[in-house]
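Trainee: Below you will find the structure I want to go over with you.
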Amino acid sequence: MEGSTKLKAACLVGWPAGHSRSPVIHKHWLKTLGVAGDYRIEAVPPEGFAAFIGSLQARGYVGANVTIPHKERALDLAHADARARAVGAANTLWLEGGVLRATNTDVEGFMGNLDASAPGWDRACGAALVLGAGGAARAVLFGLLERGVELIYLANRTRDRADAVAAQFGARVRPVDWREIESLLPRCHLLVNTTSLGMAGEPPLRLDLKGLPDNAVVAELVYVPLQTELLRAARARELRTADGLGMLMYQAVRGFTLWFGKQPEVTAKLRAVVEADLTTS
Ligand code: NAP
């Protein structure tokens with residue numbers, strides 16, 4: 001921090017925590033913005049999480065990201081905002097006057113990336129189709145509803161889970177069967193994959209996208225690999241796309257700002273740095 005010799009530090013708390021790209025993002029911003037700070041990885045098992053979070057300040061941290069399996073538990077251990085409570089998970093914690101606060105930045109990460117990747121996507125968005133009903137899906141639904149999308153079809157492999165999530169978010173979210181996906185495409189201007197299908201080690205998400213309108217946008221949350229089969233199919237149809245790495249970078253902005261006091265930008269240079277890290281590890 002300027003005018004102070006005290007180094008500010010934040011960390012990522014997870015179990016396991018070693019695979020995250022968050023350190024690459026935050027270290028890039030610390031360097032380019034000239035902030036004397038650090039971002040570390042803390043591997044903390046579930047049974048040690050509450051004690052760790054309770055001693056964040058004593059450990060010299062101004063805040064933290066939390067990841068699997070701690071995102072839900074973090075809600076109970078900090079003053080969570082409405083967004084984190086609606087999503088049912090917190091991923092960003094910060095100390096404010098000694099009080100530990102929590103939010104969920106996946107919402108703005110998804111929306112910020114969508115706005116940057118497909119400007120004006122919401123001008124003609126009659127309906128959206130969201131695939132998946134886990135934590136990431138709830139963040140996406142929260143963001144889309146807040147933006148005013150009138151109708152969101154929600155398809156999940158396990159239908160009961162889609163029903164439960166739709167009930168939580170209200171009548172604008174309509175649960176549908178997984179097998180209905182392709183028949184719904186002509187009505188949708190936005191298709192979002194929030195499932196883990198397409199991730200390295202998981203089966204690909206194979207959909208015939210020919211039914212989507214020509215001005216539809218396809219958003220992917222998976223970022224390992226960067227180019228999933230869904231994105232490849234969308235690009236082959238010359239549809240606009242928003243990828244998972246973009247979301248990851250945008251979701252990191254607020255944590256950095258809260259911890260280090262400077263608002264960083266998502267730039268082509270940052271993307272290149274993270275992409276290089278993804279391809280070398
Ligand atoms: P989660 O809560 O575990 O949910 C996983 C979802 O994937 C569930 O809807 C599950 O369906 C579905 N699924 C898993 N295997 C499937 C299969 N074989 N066929 C169909 N559906 C399947 O996980 P999450 O936290 O929501 O994360 C989901 C994805 O989003 C992950 O790939 C994660 O890396 C990514 N993500 C990316 C970002 C980013 O910044 N880019 C941020 C958050 C999450 P069931 O209910 O039927 O099991």
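In the structure tokens, chains take letters A, B, ... by order of appearance, with residues numbered from 1 within each chain and ligands from 1 in the order shown.
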Please find the residues contacting ligand 1 at a distance of at most 7 Å between atoms, with only C-alpha atoms and all ligand atoms counted, and report them as an mmCIF file with N, CA and C atoms, in the first residue's frame.
Mentor:
```
data_model
loop_
_atom_site.group_PDB
_atom_site.id
_atom_site.type_symbol
_atom_site.label_atom_id
_atom_site.label_comp_id
_atom_site.auth_asym_id
_atom_site.auth_seq_id
_atom_site.Cartn_x
_atom_site.Cartn_y
_atom_site.Cartn_z
ATOM 1 N N ASP A 106 -19.317 -14.530 -8.825
ATOM 2 C CA ASP A 106 -19.590 -15.263 -10.070
ATOM 3 C C ASP A 106 -20.703 -14.565 -10.862
ATOM 4 N N GLY A 109 -19.112 -11.753 -12.581
ATOM 5 C CA GLY A 109 -18.138 -12.349 -13.503
ATOM 6 C C GLY A 109 -18.817 -12.824 -14.770
ATOM 7 N N GLY A 132 -27.874 -26.901 -16.433
ATOM 8 C CA GLY A 132 -27.235 -27.150 -15.146
ATOM 9 C C GLY A 132 -28.013 -26.477 -14.030
ATOM 10 N N ALA A 133 -27.916 -27.026 -12.825
ATOM 11 C CA ALA A 133 -28.665 -26.464 -11.698
ATOM 12 C C ALA A 133 -27.827 -26.477 -10.424
ATOM 13 N N GLY A 134 -26.520 -26.318 -10.570
ATOM 14 C CA GLY A 134 -25.636 -26.277 -9.413
ATOM 15 C C GLY A 134 -25.383 -24.836 -8.977
ATOM 16 N N GLY A 135 -24.286 -24.649 -8.247
ATOM 17 C CA GLY A 135 -23.966 -23.313 -7.727
ATOM 18 C C GLY A 135 -23.740 -22.303 -8.838
ATOM 19 N N ALA A 136 -23.045 -22.704 -9.883
ATOM 20 C CA ALA A 136 -22.762 -21.770 -10.984
ATOM 21 C C ALA A 136 -24.058 -21.374 -11.683
ATOM 22 N N ALA A 137 -24.978 -22.308 -11.831
ATOM 23 C CA ALA A 137 -26.266 -22.007 -12.477
ATOM 24 C C ALA A 137 -27.025 -20.961 -11.662
ATOM 25 N N ASN A 156 -31.729 -29.544 -16.513
ATOM 26 C CA ASN A 156 -30.683 -30.220 -15.741
ATOM 27 C C ASN A 156 -30.858 -31.722 -15.894
ATOM 28 N N ARG A 157 -29.718 -32.440 -15.907
ATOM 29 C CA ARG A 157 -29.785 -33.908 -16.016
ATOM 30 C C ARG A 157 -30.735 -34.463 -14.963
ATOM 31 N N THR A 158 -30.589 -34.005 -13.722
ATOM 32 C CA THR A 158 -31.476 -34.433 -12.645
ATOM 33 C C THR A 158 -32.609 -33.419 -12.541
ATOM 34 N N ARG A 161 -33.616 -31.337 -9.376
ATOM 35 C CA ARG A 161 -32.754 -30.224 -8.968
ATOM 36 C C ARG A 161 -33.133 -28.949 -9.723
ATOM 37 N N THR A 194 -23.726 -24.313 -17.737
ATOM 38 C CA THR A 194 -23.146 -24.221 -16.392
ATOM 39 C C THR A 194 -22.877 -25.615 -15.832
ATOM 40 N N THR A 195 -23.033 -26.646 -16.661
ATOM 41 C CA THR A 195 -22.712 -27.994 -16.169
ATOM 42 C C THR A 195 -21.206 -28.217 -16.262
ATOM 43 N N SER A 196 -20.757 -29.317 -15.698
ATOM 44 C CA SER A 196 -19.325 -29.634 -15.823
ATOM 45 C C SER A 196 -19.049 -30.429 -17.098
ATOM 46 N N LEU A 197 -20.072 -30.636 -17.929
ATOM 47 C CA LEU A 197 -19.844 -31.311 -19.220
ATOM 48 C C LEU A 197 -18.929 -30.443 -20.077
ATOM 49 N N MET A 199 -15.669 -30.192 -19.397
ATOM 50 C CA MET A 199 -14.428 -30.028 -18.630
ATOM 51 C C MET A 199 -13.463 -31.152 -18.934
ATOM 52 N N PRO A 203 -17.253 -35.945 -19.971
ATOM 53 C CA PRO A 203 -17.715 -36.072 -21.360
ATOM 54 C C PRO A 203 -17.993 -34.689 -21.960
ATOM 55 N N LEU A 221 -19.187 -21.900 -19.259
ATOM 56 C CA LEU A 221 -18.498 -21.611 -17.997
ATOM 57 C C LEU A 221 -17.209 -22.409 -17.846
ATOM 58 N N VAL A 222 -17.143 -23.540 -18.543
ATOM 59 C CA VAL A 222 -15.927 -24.363 -18.458
ATOM 60 C C VAL A 222 -14.757 -23.590 -19.085
ATOM 61 N N TYR A 223 -13.581 -23.632 -18.411
ATOM 62 C CA TYR A 223 -12.418 -22.966 -19.026
ATOM 63 C C TYR A 223 -11.194 -23.876 -19.140
ATOM 64 N N GLY A 244 -15.442 -19.388 -20.587
ATOM 65 C CA GLY A 244 -15.294 -19.542 -19.140
ATOM 66 C C GLY A 244 -14.120 -18.762 -18.569
ATOM 67 N N LEU A 245 -13.067 -18.620 -19.351
ATOM 68 C CA LEU A 245 -11.907 -17.874 -18.851
ATOM 69 C C LEU A 245 -12.270 -16.402 -18.660
ATOM 70 N N GLY A 246 -13.073 -15.868 -19.583
ATOM 71 C CA GLY A 246 -13.528 -14.483 -19.436
ATOM 72 C C GLY A 246 -14.263 -14.296 -18.110
ATOM 73 N N MET A 247 -15.154 -15.227 -17.798
ATOM 74 C CA MET A 247 -15.904 -15.132 -16.540
ATOM 75 C C MET A 247 -14.965 -15.181 -15.334
ATOM 76 N N LEU A 248 -14.004 -16.082 -15.395
ATOM 77 C CA LEU A 248 -13.051 -16.210 -14.283
ATOM 78 C C LEU A 248 -12.313 -14.893 -14.035
ATOM 79 N N GLN A 251 -14.796 -12.193 -12.638
ATOM 80 C CA GLN A 251 -15.234 -12.392 -11.257
ATOM 81 C C GLN A 251 -14.153 -11.993 -10.251
#
```
Trainee: Write out as a list in words which residues come within 6 Å of range 24-41 of chain A when counting only C-alpha atoms, dropping same-chain ones fewer than 4 positions away.
Mentor: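 In the requested format, the answer is Met1, Leu7, Lys8, Ala9, Ala10, Cys11 and Leu12 of chain A.
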Trainee: Identify, on the basis of only C-alpha atoms, every residue whose closest approach to Gln263 in chain A does not exceed 9 Å; exclude the query and any residue fewer than 4 positions from it along the same chain; express the result as a list in words.
Mentor: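 Once the nearby chain positions are removed, what remains is Val253, Arg254, Phe256, Thr257 and Leu258 of chain A.
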Trainee: How would the residues just picked look written out with C-alpha atoms as an mmCIF file, in the first residue's frame?
Mentor:
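again_29.cif was written with the following content:
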```cif
data_model
loop_
_atom_site.group_PDB
_atom_site.id
_atom_site.type_symbol
_atom_site.label_atom_id
_atom_site.label_comp_id
_atom_site.auth_asym_id
_atom_site.auth_seq_id
_atom_site.Cartn_x
_atom_site.Cartn_y
_atom_site.Cartn_z
ATOM 1 C CA VAL A 253 -12.132 -7.779 -10.235
ATOM 2 C CA ARG A 254 -14.176 -7.019 -7.127
ATOM 3 C CA PHE A 256 -8.935 -7.355 -5.863
ATOM 4 C CA THR A 257 -10.589 -3.933 -5.506
ATOM 5 C CA LEU A 258 -11.885 -4.712 -2.014
#
```
Trainee: Would you mind listing what lies within 7 Å of His70 in chain A as an NGL selection string, with only C-alpha atoms counted and same-chain residues fewer than 3 positions away left out?
Mentor: :A and (14 or 46 or 66-67 or 73-74)
Trainee: Between CA of Leu131 in chain A and CA of Thr103 in chain A, what distance in Å does the model show, to one decimal?
Mentor: 23.4 Å
Trainee: DSSP says alpha helix (DSSP H) for which residues of range 4-77 of chain A? Put them as a ChimeraX atom specification?
Mentor: /A:22-32,46-54,73-77
Trainee: Can you check which parts of range 147-202 of chain A lie within 12 Å of range 76-97 of chain A? Per residue, the shortest pair of atoms and distance in Å to one decimal, counting only C-alpha atoms, sorted by chain and number, as a tab-separated table.
Mentor:
```
residue	atom	partner	partner_atom	distance
A:Val165	CA	A:Val87	CA	9.9
A:Gln168	CA	A:Ala86	CA	8.6
A:Phe169	CA	A:Ala86	CA	8.5
A:Gly170	CA	A:Ala86	CA	11.9
```
Trainee: Those selected residues, please, written with N, CA and C atoms and delivered as a compact mmCIF listing (two decimals), in the first residue's frame.
Mentor:
```txt
# COMPACT_ATOMS: atom_id res chain seq x y z
N VAL A 165 -34.44 -25.44 -7.97
CA VAL A 165 -33.80 -24.14 -8.23
C VAL A 165 -34.81 -23.16 -8.83
N GLN A 168 -37.01 -21.69 -6.30
CA GLN A 168 -36.33 -20.67 -5.51
C GLN A 168 -36.31 -19.32 -6.22
N PHE A 169 -36.19 -19.34 -7.57
CA PHE A 169 -36.00 -18.09 -8.31
C PHE A 169 -37.29 -17.50 -8.87
N GLY A 170 -38.40 -18.24 -8.82
CA GLY A 170 -39.67 -17.66 -9.22
C GLY A 170 -40.08 -18.01 -10.65
```
